[in-house]
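With compact mmCIF, C-alpha atoms and all ligand atoms inside, this is structure_19.txt:
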# COMPACT_ATOMS: atom_id res chain seq x y z
CA MET Y 1336 24.25 -69.39 -111.12
CA ILE Y 1337 22.60 -66.02 -110.74
CA SER Y 1338 19.84 -64.86 -113.14
CA LYS Y 1339 20.55 -62.20 -115.78
CA ARG Y 1340 18.03 -59.80 -114.24
CA ALA Y 1341 19.55 -60.18 -110.75
CA GLU Y 1342 22.99 -59.65 -112.21
CA ILE Y 1343 21.89 -56.32 -113.66
CA LEU Y 1344 20.54 -55.29 -110.26
CA PHE Y 1345 23.63 -56.19 -108.27
CA LYS Y 1346 26.44 -55.50 -110.68
CA GLU Y 1347 27.72 -52.65 -108.53
CA THR Y 1348 26.95 -51.18 -105.13
CA PRO Y 1349 25.75 -47.57 -105.45
CA PRO Y 1350 28.02 -45.06 -103.63
CA LEU Y 1351 25.23 -44.02 -101.25
CA VAL Y 1352 24.65 -47.61 -100.17
CA GLU Y 1353 28.39 -48.08 -99.72
CA ALA Y 1354 28.52 -44.94 -97.54
CA HIS Y 1355 25.56 -46.19 -95.49
CA PHE Y 1356 27.31 -49.54 -94.88
CA LYS Y 1357 30.59 -47.84 -93.94
CA CYS Y 1358 28.69 -45.80 -91.34
CA ALA Y 1359 26.81 -48.87 -90.07
CA ALA Y 1360 30.04 -50.88 -89.67
CA ASP Y 1361 31.84 -48.21 -87.62
CA PRO Y 1362 29.22 -45.78 -86.27
CA TYR Y 1363 30.09 -42.67 -84.30
CA HIS Y 1364 29.21 -42.73 -80.62
CA ASN Y 1365 29.72 -39.76 -78.36
CA GLU Y 1366 31.30 -41.83 -75.57
CA THR Y 1367 32.47 -45.09 -77.07
CA ASN Y 1368 33.51 -44.30 -80.65
CA ARG Y 1369 34.22 -40.62 -81.23
CA ASP Y 1370 36.27 -41.52 -84.27
CA GLY Y 1371 33.46 -43.41 -86.03
CA TYR Y 1372 31.50 -42.38 -89.12
CA ILE Y 1373 28.67 -39.86 -88.74
CA ASN Y 1374 25.69 -40.70 -90.92
CA PHE Y 1375 23.70 -37.60 -91.89
CA GLY Y 1376 22.89 -39.21 -95.23
CA THR Y 1377 20.12 -41.63 -94.28
CA ALA Y 1378 16.73 -40.05 -93.53
CA GLU Y 1379 16.20 -41.42 -90.03
CA ASN Y 1380 15.06 -39.70 -86.87
CA PHE Y 1381 17.04 -40.62 -83.73
CA LEU Y 1382 15.37 -38.14 -81.40
CA LEU Y 1383 12.42 -40.25 -80.27
CA GLU Y 1384 14.02 -43.54 -79.24
CA GLU Y 1385 13.40 -43.16 -75.49
CA LYS Y 1386 9.71 -42.29 -75.91
CA LEU Y 1387 9.13 -45.17 -78.30
CA VAL Y 1388 10.87 -47.78 -76.18
CA GLU Y 1389 8.87 -46.59 -73.16
CA LYS Y 1390 5.56 -46.76 -75.07
CA ILE Y 1391 6.21 -50.10 -76.74
CA SER Y 1392 7.18 -51.71 -73.43
CA THR Y 1393 3.66 -50.96 -72.10
CA ILE Y 1394 1.85 -52.71 -74.98
CA PRO Y 1395 -0.12 -55.76 -73.81
CA ASN Y 1396 1.48 -59.11 -74.42
CA ILE Y 1397 0.84 -60.86 -77.66
CA THR Y 1398 -1.85 -63.51 -77.71
CA GLY Y 1399 -2.16 -66.77 -79.64
CA LYS Y 1400 -3.96 -64.89 -82.43
CA THR Y 1401 -0.89 -62.76 -83.13
CA LEU Y 1402 1.18 -65.86 -83.91
CA HIS Y 1403 -0.78 -66.74 -87.03
CA TYR Y 1404 -1.64 -65.43 -90.50
CA ASP Y 1405 -4.09 -62.56 -90.81
CA PHE Y 1406 -5.21 -60.73 -93.98
CA PRO Y 1407 -2.03 -60.20 -96.05
CA TRP Y 1408 -3.04 -56.55 -96.61
CA GLY Y 1409 -3.34 -55.89 -92.86
CA SER Y 1410 -5.64 -57.04 -90.06
CA GLU Y 1411 -9.13 -55.55 -89.92
CA ALA Y 1412 -8.20 -54.05 -86.53
CA LEU Y 1413 -5.09 -52.29 -87.85
CA ARG Y 1414 -6.77 -50.96 -91.00
CA THR Y 1415 -9.70 -49.66 -88.91
CA SER Y 1416 -7.27 -47.95 -86.52
CA TYR Y 1417 -5.38 -46.45 -89.45
CA ALA Y 1418 -8.60 -45.01 -90.92
CA SER Y 1419 -9.24 -43.18 -87.69
CA PHE Y 1420 -5.55 -42.16 -87.36
CA ALA Y 1421 -5.65 -40.77 -90.91
CA GLU Y 1422 -8.73 -38.71 -90.08
CA LYS Y 1423 -7.19 -37.17 -86.96
CA PHE Y 1424 -3.54 -36.78 -87.97
CA LEU Y 1425 -3.61 -36.53 -91.77
CA GLY Y 1426 -6.96 -34.79 -92.16
CA ILE Y 1427 -8.35 -37.48 -94.49
CA GLU Y 1428 -12.03 -38.16 -93.85
CA ASN Y 1429 -14.65 -40.63 -95.02
CA ILE Y 1430 -12.49 -43.69 -95.35
CA ASN Y 1431 -12.76 -47.14 -93.84
CA SER Y 1432 -10.72 -50.32 -93.64
CA ASP Y 1433 -11.66 -51.30 -97.22
CA ASN Y 1434 -9.81 -48.27 -98.59
CA ILE Y 1435 -6.52 -49.36 -97.00
CA ALA Y 1436 -3.63 -51.78 -97.52
CA VAL Y 1437 -0.69 -52.32 -95.18
CA GLY Y 1438 2.72 -53.47 -96.41
CA CYS Y 1439 6.23 -54.01 -95.04
CA GLY Y 1440 7.51 -50.47 -95.47
CA LEU Y 1441 6.51 -47.67 -97.76
CA SER Y 1442 9.15 -48.70 -100.31
CA ALA Y 1443 7.39 -52.05 -100.66
CA ILE Y 1444 4.03 -50.30 -101.08
CA ILE Y 1445 5.54 -48.06 -103.78
CA GLU Y 1446 6.97 -51.08 -105.59
CA ILE Y 1447 3.54 -52.73 -105.41
CA LEU Y 1448 2.06 -49.57 -106.92
CA SER Y 1449 4.67 -49.61 -109.65
CA PHE Y 1450 3.58 -53.15 -110.51
CA SER Y 1451 -0.12 -52.37 -110.18
CA VAL Y 1452 -0.57 -49.17 -112.16
CA PHE Y 1453 2.31 -48.97 -114.65
CA ASP Y 1454 3.18 -51.03 -117.65
CA GLU Y 1455 6.86 -51.16 -118.59
CA GLY Y 1456 7.98 -47.75 -119.85
CA ASP Y 1457 4.96 -45.82 -118.49
CA LYS Y 1458 6.05 -42.48 -117.14
CA VAL Y 1459 5.64 -40.94 -113.72
CA LEU Y 1460 6.47 -37.25 -113.43
CA THR Y 1461 7.89 -36.01 -110.14
CA ILE Y 1462 9.16 -32.73 -108.85
CA ALA Y 1463 12.94 -32.43 -108.67
CA PRO Y 1464 14.91 -32.55 -106.51
CA LEU Y 1465 13.26 -35.81 -105.49
CA TYR Y 1466 13.65 -38.52 -102.84
CA ASN Y 1467 16.12 -40.78 -104.65
CA GLY Y 1468 14.52 -44.02 -103.39
CA PHE Y 1469 11.72 -43.37 -105.89
CA TYR Y 1470 14.09 -44.43 -108.68
CA HIS Y 1471 14.69 -47.70 -106.94
CA ASP Y 1472 11.07 -48.36 -106.07
CA PHE Y 1473 9.43 -47.35 -109.35
CA GLU Y 1474 12.06 -48.25 -111.92
CA THR Y 1475 14.33 -51.06 -110.79
CA ARG Y 1476 12.12 -54.12 -110.99
CA PHE Y 1477 8.90 -53.02 -112.66
CA LYS Y 1478 10.34 -50.50 -115.09
CA ALA Y 1479 8.13 -47.46 -114.78
CA LYS Y 1480 10.13 -44.43 -115.91
CA ILE Y 1481 10.64 -41.41 -113.66
CA GLU Y 1482 10.65 -38.01 -115.38
CA LEU Y 1483 11.68 -34.83 -113.59
CA SER Y 1484 9.91 -31.49 -113.41
CA HIS Y 1485 12.15 -28.67 -112.20
CA SER Y 1486 9.20 -26.60 -111.08
CA ILE Y 1487 9.83 -26.00 -107.36
CA ASP Y 1488 11.77 -23.27 -105.58
CA ARG Y 1489 13.77 -23.39 -102.34
CA LYS Y 1490 10.63 -22.64 -100.32
CA GLY Y 1491 8.59 -25.41 -101.91
CA VAL Y 1492 6.52 -23.12 -104.15
CA ILE Y 1493 5.45 -24.65 -107.48
CA ASN Y 1494 5.52 -22.95 -110.88
CA ARG Y 1495 2.23 -23.89 -112.58
CA GLU Y 1496 3.40 -23.17 -116.09
CA ILE Y 1497 6.47 -25.42 -115.88
CA LEU Y 1498 4.57 -28.24 -114.19
CA SER Y 1499 1.79 -28.10 -116.74
CA LYS Y 1500 4.24 -28.06 -119.64
CA ASP Y 1501 6.20 -31.00 -118.20
CA LEU Y 1502 3.04 -33.05 -117.78
CA LYS Y 1503 2.09 -32.42 -121.39
CA ASN Y 1504 5.56 -32.94 -122.85
CA THR Y 1505 6.40 -36.14 -121.01
CA GLY Y 1506 3.01 -37.76 -121.49
CA ALA Y 1507 3.23 -39.00 -117.90
CA LYS Y 1508 0.45 -41.22 -116.64
CA PHE Y 1509 0.96 -40.21 -112.99
CA LEU Y 1510 2.19 -37.22 -111.05
CA LEU Y 1511 4.19 -38.19 -107.97
CA ILE Y 1512 4.14 -35.71 -105.11
CA ASN Y 1513 5.98 -35.85 -101.82
CA ASN Y 1514 4.35 -33.58 -99.22
CA PRO Y 1515 6.20 -32.40 -97.13
CA HIS Y 1516 8.92 -32.50 -99.72
CA ASN Y 1517 12.03 -34.63 -99.33
CA PRO Y 1518 14.75 -33.22 -99.71
CA ILE Y 1519 13.61 -29.57 -99.68
CA GLY Y 1520 11.86 -29.80 -96.29
CA HIS Y 1521 8.69 -27.84 -97.08
CA CYS Y 1522 4.95 -28.54 -97.10
CA TYR Y 1523 2.91 -27.55 -100.15
CA SER Y 1524 0.58 -24.64 -99.49
CA LYS Y 1525 -3.20 -25.03 -99.78
CA SER Y 1526 -3.23 -22.93 -102.95
CA ASP Y 1527 -0.41 -24.95 -104.55
CA ILE Y 1528 -2.15 -28.24 -103.74
CA ARG Y 1529 -5.35 -26.95 -105.33
CA MET Y 1530 -3.39 -25.81 -108.38
CA ILE Y 1531 -1.51 -29.14 -108.67
CA ILE Y 1532 -4.78 -31.10 -108.53
CA GLU Y 1533 -6.26 -28.77 -111.16
CA VAL Y 1534 -3.26 -29.25 -113.44
CA ALA Y 1535 -3.37 -33.04 -112.98
CA LYS Y 1536 -7.07 -33.01 -113.77
CA GLU Y 1537 -6.60 -30.89 -116.90
CA ASN Y 1538 -4.10 -33.48 -118.12
CA SER Y 1539 -6.11 -36.52 -116.93
CA VAL Y 1540 -3.19 -37.66 -114.82
CA PHE Y 1541 -3.50 -39.59 -111.55
CA ILE Y 1542 -1.69 -38.31 -108.46
CA ILE Y 1543 0.42 -40.37 -106.08
CA ALA Y 1544 0.73 -38.40 -102.84
CA ASP Y 1545 3.51 -39.63 -100.54
CA GLU Y 1546 2.83 -37.84 -97.24
CA VAL Y 1547 5.17 -39.82 -95.02
CA TYR Y 1548 6.46 -36.64 -93.26
CA ALA Y 1549 2.96 -35.22 -92.62
CA ASN Y 1550 3.47 -34.82 -88.87
CA SER Y 1551 7.08 -33.65 -88.97
CA VAL Y 1552 6.28 -29.97 -89.44
CA PHE Y 1553 7.93 -27.50 -87.11
CA GLY Y 1554 8.06 -24.13 -88.78
CA ASP Y 1555 5.63 -21.61 -90.15
CA SER Y 1556 3.95 -23.91 -92.66
CA GLU Y 1557 0.95 -26.14 -92.17
CA PHE Y 1558 0.49 -29.65 -93.51
CA ILE Y 1559 -2.64 -30.18 -95.63
CA SER Y 1560 -3.25 -33.51 -97.29
CA PHE Y 1561 -3.89 -33.91 -101.00
CA LEU Y 1562 -6.91 -35.94 -99.87
CA SER Y 1563 -8.24 -33.22 -97.56
CA GLU Y 1564 -11.95 -32.34 -97.84
CA GLU Y 1565 -10.72 -28.84 -98.74
CA PHE Y 1566 -10.41 -30.04 -102.31
CA ASN Y 1567 -13.72 -31.92 -102.58
CA ASP Y 1568 -15.09 -29.39 -105.04
CA LEU Y 1569 -12.43 -30.48 -107.57
CA ASP Y 1570 -14.02 -33.92 -107.60
CA TYR Y 1571 -10.71 -35.70 -108.11
CA LYS Y 1572 -10.42 -37.93 -105.02
CA GLU Y 1573 -10.70 -41.20 -106.92
CA SER Y 1574 -7.62 -40.26 -108.91
CA ILE Y 1575 -5.41 -39.68 -105.87
CA LEU Y 1576 -3.46 -42.56 -104.33
CA HIS Y 1577 -2.16 -41.86 -100.85
CA LEU Y 1578 0.98 -43.16 -99.12
CA TYR Y 1579 2.08 -43.00 -95.49
CA GLY Y 1580 4.29 -45.03 -93.15
CA LEU Y 1581 5.82 -45.27 -89.70
CA ALA Y 1582 9.46 -44.69 -90.66
CA LYS Y 1583 9.46 -40.90 -90.32
CA ASP Y 1584 6.86 -39.24 -88.05
CA PHE Y 1585 7.10 -42.19 -85.66
CA ALA Y 1586 10.83 -42.77 -86.21
CA LEU Y 1587 10.03 -46.48 -86.47
CA SER Y 1588 12.08 -47.10 -89.61
CA GLY Y 1589 13.07 -50.56 -88.40
CA PHE Y 1590 9.42 -51.68 -88.12
CA LYS Y 1591 9.04 -51.42 -91.92
CA VAL Y 1592 5.35 -50.54 -92.01
CA GLY Y 1593 3.71 -48.61 -94.86
CA PHE Y 1594 0.10 -47.71 -95.62
CA PHE Y 1595 -1.71 -47.33 -98.92
CA LEU Y 1596 -5.04 -45.48 -98.91
CA SER Y 1597 -7.38 -44.66 -101.75
CA HIS Y 1598 -10.99 -44.05 -102.73
CA ASN Y 1599 -10.23 -45.87 -105.96
CA GLU Y 1600 -11.63 -49.35 -105.49
CA LYS Y 1601 -9.90 -50.99 -108.42
CA VAL Y 1602 -6.39 -49.82 -107.53
CA THR Y 1603 -6.94 -50.57 -103.84
CA LYS Y 1604 -7.96 -54.15 -104.67
CA ALA Y 1605 -4.85 -54.60 -106.84
CA VAL Y 1606 -2.56 -53.25 -104.12
CA GLN Y 1607 -4.26 -55.34 -101.44
CA SER Y 1608 -3.82 -58.52 -103.41
CA LEU Y 1609 -0.12 -57.83 -104.07
CA THR Y 1610 0.72 -57.23 -100.39
CA TYR Y 1611 0.73 -61.02 -100.20
CA PHE Y 1612 4.44 -60.75 -101.09
CA HIS Y 1613 5.13 -57.94 -98.61
CA THR Y 1614 2.97 -58.66 -95.58
CA VAL Y 1615 3.78 -57.12 -92.21
CA SER Y 1616 4.14 -59.76 -89.48
CA THR Y 1617 1.00 -60.18 -87.38
CA HIS Y 1618 3.12 -59.49 -84.29
CA THR Y 1619 4.30 -56.12 -85.61
CA GLN Y 1620 0.74 -55.27 -86.68
CA HIS Y 1621 -0.39 -55.90 -83.11
CA ILE Y 1622 2.19 -53.44 -81.76
CA VAL Y 1623 1.47 -50.84 -84.44
CA ASN Y 1624 -2.27 -51.07 -83.86
CA ASN Y 1625 -1.72 -50.29 -80.18
CA ILE Y 1626 0.50 -47.34 -81.01
CA ILE Y 1627 -1.61 -45.62 -83.66
CA SER Y 1628 -4.92 -46.12 -81.85
CA ASP Y 1629 -3.62 -44.20 -78.81
CA HIS Y 1630 -4.35 -40.75 -80.23
CA LYS Y 1631 -3.44 -38.91 -77.04
CA TRP Y 1632 0.03 -40.48 -77.04
CA CYS Y 1633 0.48 -39.85 -80.79
CA GLU Y 1634 -0.42 -36.20 -80.33
CA GLU Y 1635 2.08 -35.83 -77.50
CA LEU Y 1636 4.74 -37.61 -79.55
CA PHE Y 1637 4.22 -35.38 -82.58
CA ASN Y 1638 4.22 -32.22 -80.46
CA TYR Y 1639 7.44 -33.29 -78.79
CA ASN Y 1640 8.98 -34.34 -82.11
CA ASN Y 1641 8.22 -31.02 -83.74
CA GLU Y 1642 9.60 -29.03 -80.82
CA ILE Y 1643 12.82 -31.00 -80.81
CA LEU Y 1644 13.11 -30.89 -84.62
CA LYS Y 1645 12.75 -27.12 -84.47
CA GLU Y 1646 15.50 -26.86 -81.83
CA THR Y 1647 17.77 -29.25 -83.72
CA PHE Y 1648 17.26 -27.45 -87.04
CA SER Y 1649 18.05 -24.17 -85.37
CA GLU Y 1650 21.27 -25.61 -83.86
CA LEU Y 1651 22.22 -26.94 -87.26
CA THR Y 1652 21.63 -23.62 -88.99
CA ASN Y 1653 23.46 -21.65 -86.27
CA GLY Y 1654 26.43 -23.95 -86.81
CA LEU Y 1655 26.21 -23.60 -90.58
CA ASP Y 1656 26.00 -19.81 -90.23
CA SER Y 1657 29.17 -19.73 -88.19
CA ILE Y 1658 31.03 -21.89 -90.74
CA GLY Y 1659 29.59 -19.74 -93.54
CA ILE Y 1660 27.56 -22.44 -95.29
CA ASP Y 1661 24.25 -21.53 -96.93
CA TYR Y 1662 21.17 -23.77 -96.57
CA TYR Y 1663 17.52 -24.07 -97.59
CA PRO Y 1664 14.99 -22.43 -95.20
CA SER Y 1665 13.31 -25.78 -94.36
CA ASN Y 1666 10.46 -26.10 -91.90
CA SER Y 1667 9.38 -29.72 -92.16
CA GLY Y 1668 10.82 -33.18 -92.63
CA ILE Y 1669 14.14 -34.15 -91.08
CA PHE Y 1670 16.53 -32.74 -93.67
CA THR Y 1671 17.64 -29.69 -95.53
CA MET Y 1672 19.91 -28.94 -98.50
CA ILE Y 1673 23.22 -27.18 -97.89
CA ASP Y 1674 25.35 -25.35 -100.43
CA LEU Y 1675 28.92 -26.67 -100.62
CA THR Y 1676 29.76 -25.14 -103.99
CA PRO Y 1677 32.51 -22.94 -102.47
CA TYR Y 1678 34.39 -26.15 -101.64
CA MET Y 1679 34.33 -27.53 -105.18
CA LYS Y 1680 36.84 -26.86 -107.95
CA GLU Y 1681 34.02 -26.54 -110.47
CA LYS Y 1682 30.24 -27.02 -110.53
CA THR Y 1683 30.17 -30.48 -112.12
CA ALA Y 1684 28.85 -33.91 -111.19
CA GLN Y 1685 32.40 -35.19 -110.95
CA ALA Y 1686 33.56 -32.43 -108.60
CA GLU Y 1687 30.48 -33.07 -106.46
CA MET Y 1688 31.41 -36.77 -106.19
CA GLU Y 1689 35.01 -35.85 -105.34
CA LEU Y 1690 33.73 -33.73 -102.48
CA PHE Y 1691 31.40 -36.55 -101.37
CA ASN Y 1692 34.37 -38.95 -101.29
CA PHE Y 1693 36.48 -36.45 -99.36
CA LEU Y 1694 33.70 -36.01 -96.80
CA ILE Y 1695 33.27 -39.73 -96.25
CA ASP Y 1696 36.94 -40.80 -96.46
CA GLU Y 1697 38.67 -37.88 -94.75
CA LEU Y 1698 36.07 -36.30 -92.47
CA LYS Y 1699 34.06 -39.49 -91.94
CA ILE Y 1700 30.71 -37.80 -92.53
CA SER Y 1701 28.07 -39.06 -94.93
CA ILE Y 1702 25.73 -36.57 -96.60
CA THR Y 1703 24.04 -37.00 -99.96
CA PRO Y 1704 25.10 -35.16 -103.14
CA GLY Y 1705 22.25 -33.42 -104.95
CA GLN Y 1706 22.88 -35.29 -108.20
CA PHE Y 1707 21.21 -38.33 -106.62
CA PHE Y 1708 18.07 -36.23 -106.18
CA GLY Y 1709 18.09 -34.90 -109.73
CA GLU Y 1710 19.31 -31.48 -108.51
CA LYS Y 1711 20.50 -29.52 -111.52
CA ASN Y 1712 22.84 -27.22 -109.61
CA TYR Y 1713 25.85 -29.24 -108.51
CA GLY Y 1714 27.20 -28.61 -105.04
CA PHE Y 1715 24.05 -28.96 -102.94
CA PHE Y 1716 24.00 -31.80 -100.41
CA ARG Y 1717 21.11 -33.17 -98.33
CA VAL Y 1718 21.76 -33.24 -94.59
CA CYS Y 1719 19.53 -35.38 -92.32
CA TYR Y 1720 19.97 -33.69 -88.96
CA ALA Y 1721 17.50 -35.42 -86.58
CA LYS Y 1722 20.32 -36.70 -84.37
CA PRO Y 1723 21.28 -36.22 -80.70
CA ASN Y 1724 22.89 -32.92 -79.82
CA GLU Y 1725 26.42 -34.29 -79.27
CA THR Y 1726 26.38 -36.01 -82.68
CA LEU Y 1727 25.20 -32.80 -84.33
CA LYS Y 1728 28.03 -30.85 -82.66
CA SER Y 1729 30.64 -33.34 -83.86
CA PHE Y 1730 29.13 -33.26 -87.35
CA LEU Y 1731 29.44 -29.47 -87.48
CA GLN Y 1732 32.96 -29.60 -86.10
CA ARG Y 1733 34.03 -32.01 -88.82
CA LEU Y 1734 32.19 -30.03 -91.51
CA SER Y 1735 34.01 -26.87 -90.46
CA LYS Y 1736 37.28 -28.57 -91.50
CA LEU Y 1737 36.19 -27.95 -95.08
CA LYS Y 1738 37.52 -24.43 -94.58
CA GLU Y 1739 41.04 -25.91 -94.32
CA LYS Y 1740 40.60 -27.87 -97.55
C1 LIG B 1 9.54 -39.72 -99.22
C2 LIG B 1 9.82 -41.13 -98.78
N1 LIG B 1 9.00 -42.11 -99.17
C3 LIG B 1 9.23 -43.38 -98.81
C4 LIG B 1 10.31 -43.73 -98.01
C5 LIG B 1 10.53 -45.18 -97.66
O1 LIG B 1 9.97 -45.52 -96.43
P1 LIG B 1 10.15 -46.96 -95.75
O2 LIG B 1 11.42 -46.92 -94.93
O3 LIG B 1 8.93 -47.17 -94.93
O4 LIG B 1 10.28 -47.99 -96.83
C6 LIG B 1 11.19 -42.73 -97.60
C7 LIG B 1 12.38 -43.05 -96.80
O5 LIG B 1 13.36 -42.32 -96.72
C8 LIG B 1 10.94 -41.39 -97.97
O6 LIG B 1 11.73 -40.38 -97.59
Translate the structure of the given file into structure tokens.
Amino acid sequence: MISKRAEILFKETPPLVEAHFKCAADPYHNETNRDGYINFGTAENFLLEEKLVEKISTIPNITGKTLHYDFPWGSEALRTSYASFAEKFLGIENINSDNIAVGCGLSAIIEILSFSVFDEGDKVLTIAPLYNGFYHDFETRFKAKIELSHSIDRKGVINREILSKDLKNTGAKFLLINNPHNPIGHCYSKSDIRMIIEVAKENSVFIIADEVYANSVFGDSEFISFLSEEFNDLDYKESILHLYGLAKDFALSGFKVGFFLSHNEKVTKAVQSLTYFHTVSTHTQHIVNNIISDHKWCEELFNYNNEILKETFSELTNGLDSIGIDYYPSNSGIFTMIDLTPYMKEKTAQAEMELFNFLIDELKISITPGQFFGEKNYGFFRVCYAKPNETLKSFLQRLSKLKEK
């Protein structure tokens, strides 16, 4: 009944998806379900719900126009608002609605890109550890091949020599960058961005810059976009494809809205035409347009978000310190990597999975083993900590039971 290609896709449920579903079926709640699963595996921010519900409830009612089709790649109004949002909050200037495509989530936009710019087997080099969804979005259906460059340190600093060598050796057609970096939780510095663009240019490689955490920056680093005017002198803008979405900075993961932006007319046209299969509902576009065009509210939201992320990260790290667990010194995004090697029999992929299973089955906490991010050193897990205080406390309490293991 089912096609061969679908069979390949669904032959088994990946362990991370299984863990996510376990958590969704029996979720922890501080008052009503203290015994439920705690999901610190999925990169979602639960700290902004109240502010978002309040804002969205003030948005003017939908009109007849919002009940019908609009441009599949996003209404003129929404793309115009996004151009001005991108200038103010991403630091990307000189763009207009023609440079933009809107799709139902950033994953969908990435899949569209995979279809648009890669032929089967073409390689995209990314910096490991990497956001594991890239495998799904680039490889699963349209068969681009992800290659890893282990050229970043725990503070998000890039080694030019390794990156350059990896670009040459793999023959990659694109370099995929995630800034701020998921899962490390760091922005790239201005000098590293300049260097990365230079290296890409030397190797005639396009850059895909996923900057979906651009406004989730709470520490001592500063977000600068790969498309910032700072790098105009390198004359490489047309070779940079930019990605953003509402799932992270706005904590609107359920809205499934992603943005593609580029000065490259040909690629933009291809992406726009393919959004036909992944169009955002006109109703949702109406709401999103109202949200992102209110710059004063966005600024307040981001300021609040970054304050509360800072506090939450500091509570997490205080807790980890008292248990004796080491972690990356993150200052952006909504995650960090923690070192659980002392709780493994040996530093192998299998031992890491055994620990993952123990955490989910015995302690009922879901966090993601580094092997899914292409992390070479087994024993590091990504922790997504943007959760209410009581949930964070319970998470730490359960994690501390590892000492009894
Ligand atoms: C770096 C990165 N890009 C893309 C996505 C996917 O975003 P969306 O939920 O809008 O599909 C995620 C989600 O975790 C992400 O972390």
message: Could you check the closest approach to Glu1564 of chain Y for each of Y:Cys1439, Y:Ile1397, Y:Ala1418, Y:Ile1427 and tell me which residue wins, using only C-alpha atoms?
response: Y:Ile1427
query: Which residues sit within 7 Å of ligand LIG 1 (chain B), counting all atoms listed in the file, listed as an MDAnalysis selection string?
result: chainID Y and resid 1378 1440:1443 1466 1468 1513 1517 1545 1547 1580:1582 1588 1591:1593
Would you give me, as a Markdown table, each residue of segment 1357-1411 of chain Y having an atom within 12 Å of an atom of segment 1625-1644 of chain Y, along with its shortest atom pair and that distance in Å to one decimal, using all atoms listed in the file and sorting by chain and residue number?
| residue | atom | partner | partner_atom | distance |
| --- | --- | --- | --- | --- |
| Y:Asn1380 | CA | Y:Leu1644 | CA | 9.3 |
| Y:Phe1381 | CA | Y:Asn1640 | CA | 10.3 |
| Y:Leu1382 | CA | Y:Asn1640 | CA | 7.5 |
| Y:Leu1383 | CA | Y:Asn1640 | CA | 7.1 |
| Y:Glu1384 | CA | Y:Asn1640 | CA | 10.9 |
| Y:Glu1385 | CA | Y:Leu1636 | CA | 11.1 |
| Y:Lys1386 | CA | Y:Leu1636 | CA | 7.7 |
| Y:Leu1387 | CA | Y:Leu1636 | CA | 8.8 |
| Y:Val1388 | CA | Y:Ile1626 | CA | 11.4 |
| Y:Glu1389 | CA | Y:Trp1632 | CA | 11.4 |
| Y:Lys1390 | CA | Y:Ile1626 | CA | 7.8 |
| Y:Ile1391 | CA | Y:Ile1626 | CA | 7.6 |
| Y:Ser1392 | CA | Y:Ile1626 | CA | 11.0 |
| Y:Thr1393 | CA | Y:Asn1625 | CA | 9.7 |
| Y:Ile1394 | CA | Y:Asn1625 | CA | 6.8 |
| Y:Pro1395 | CA | Y:Asn1625 | CA | 8.5 |
| Y:Asn1396 | CA | Y:Asn1625 | CA | 11.0 |
| Y:Ile1397 | CA | Y:Asn1625 | CA | 11.2 |
- request: Could you give me, as an MDAnalysis selection string, the residues within 10 Å of Lys1478 of chain Y, counting only C-alpha atoms and dropping anything in the same chain fewer than 4 positions from it?
  value: chainID Y and resid 1449:1450 1453:1458 1470:1474
statement: Closest of Y:Pro1723, Y:Gly1506, Y:Pro1464, Y:Gly1668 to Asp1584 of chain Y, counting all atoms listed in the file, is Y:Gly1668
message: When you look at Ser1560 of chain Y with a cut-off of 8 Å (counting only C-alpha atoms), what residues show up, excluding the ones that are within fewer than 6 positions of it in the same chain? I need them as number ranges by chain.
response: Y: 1425-1427, 1514, 1546, 1549
query: Using only C-alpha atoms, which of the listed residues (Y:Lys1583, Y:Lys1645, Y:Arg1495, Y:Lys1604) sits closest to Phe1553 of chain Y?
result: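 The closest residue to Phe1553 of chain Y is Y:Lys1645.
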task: Rank Y:Tyr1523, Y:Phe1707, Y:Tyr1372, Y:Phe1356 by their smallest atom-to-atom distance to Ala1544 of chain Y, using all atoms listed in the file, and report the top residue only.
output: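 Closest candidate: Y:Tyr1523.
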field: Expected residue set, 6 Å radius at (10.2, -23.0, -89.1), only C-alpha atoms, as a list in words
entry: Phe1553, Gly1554, Asp1555 and Asn1666 of chain Y
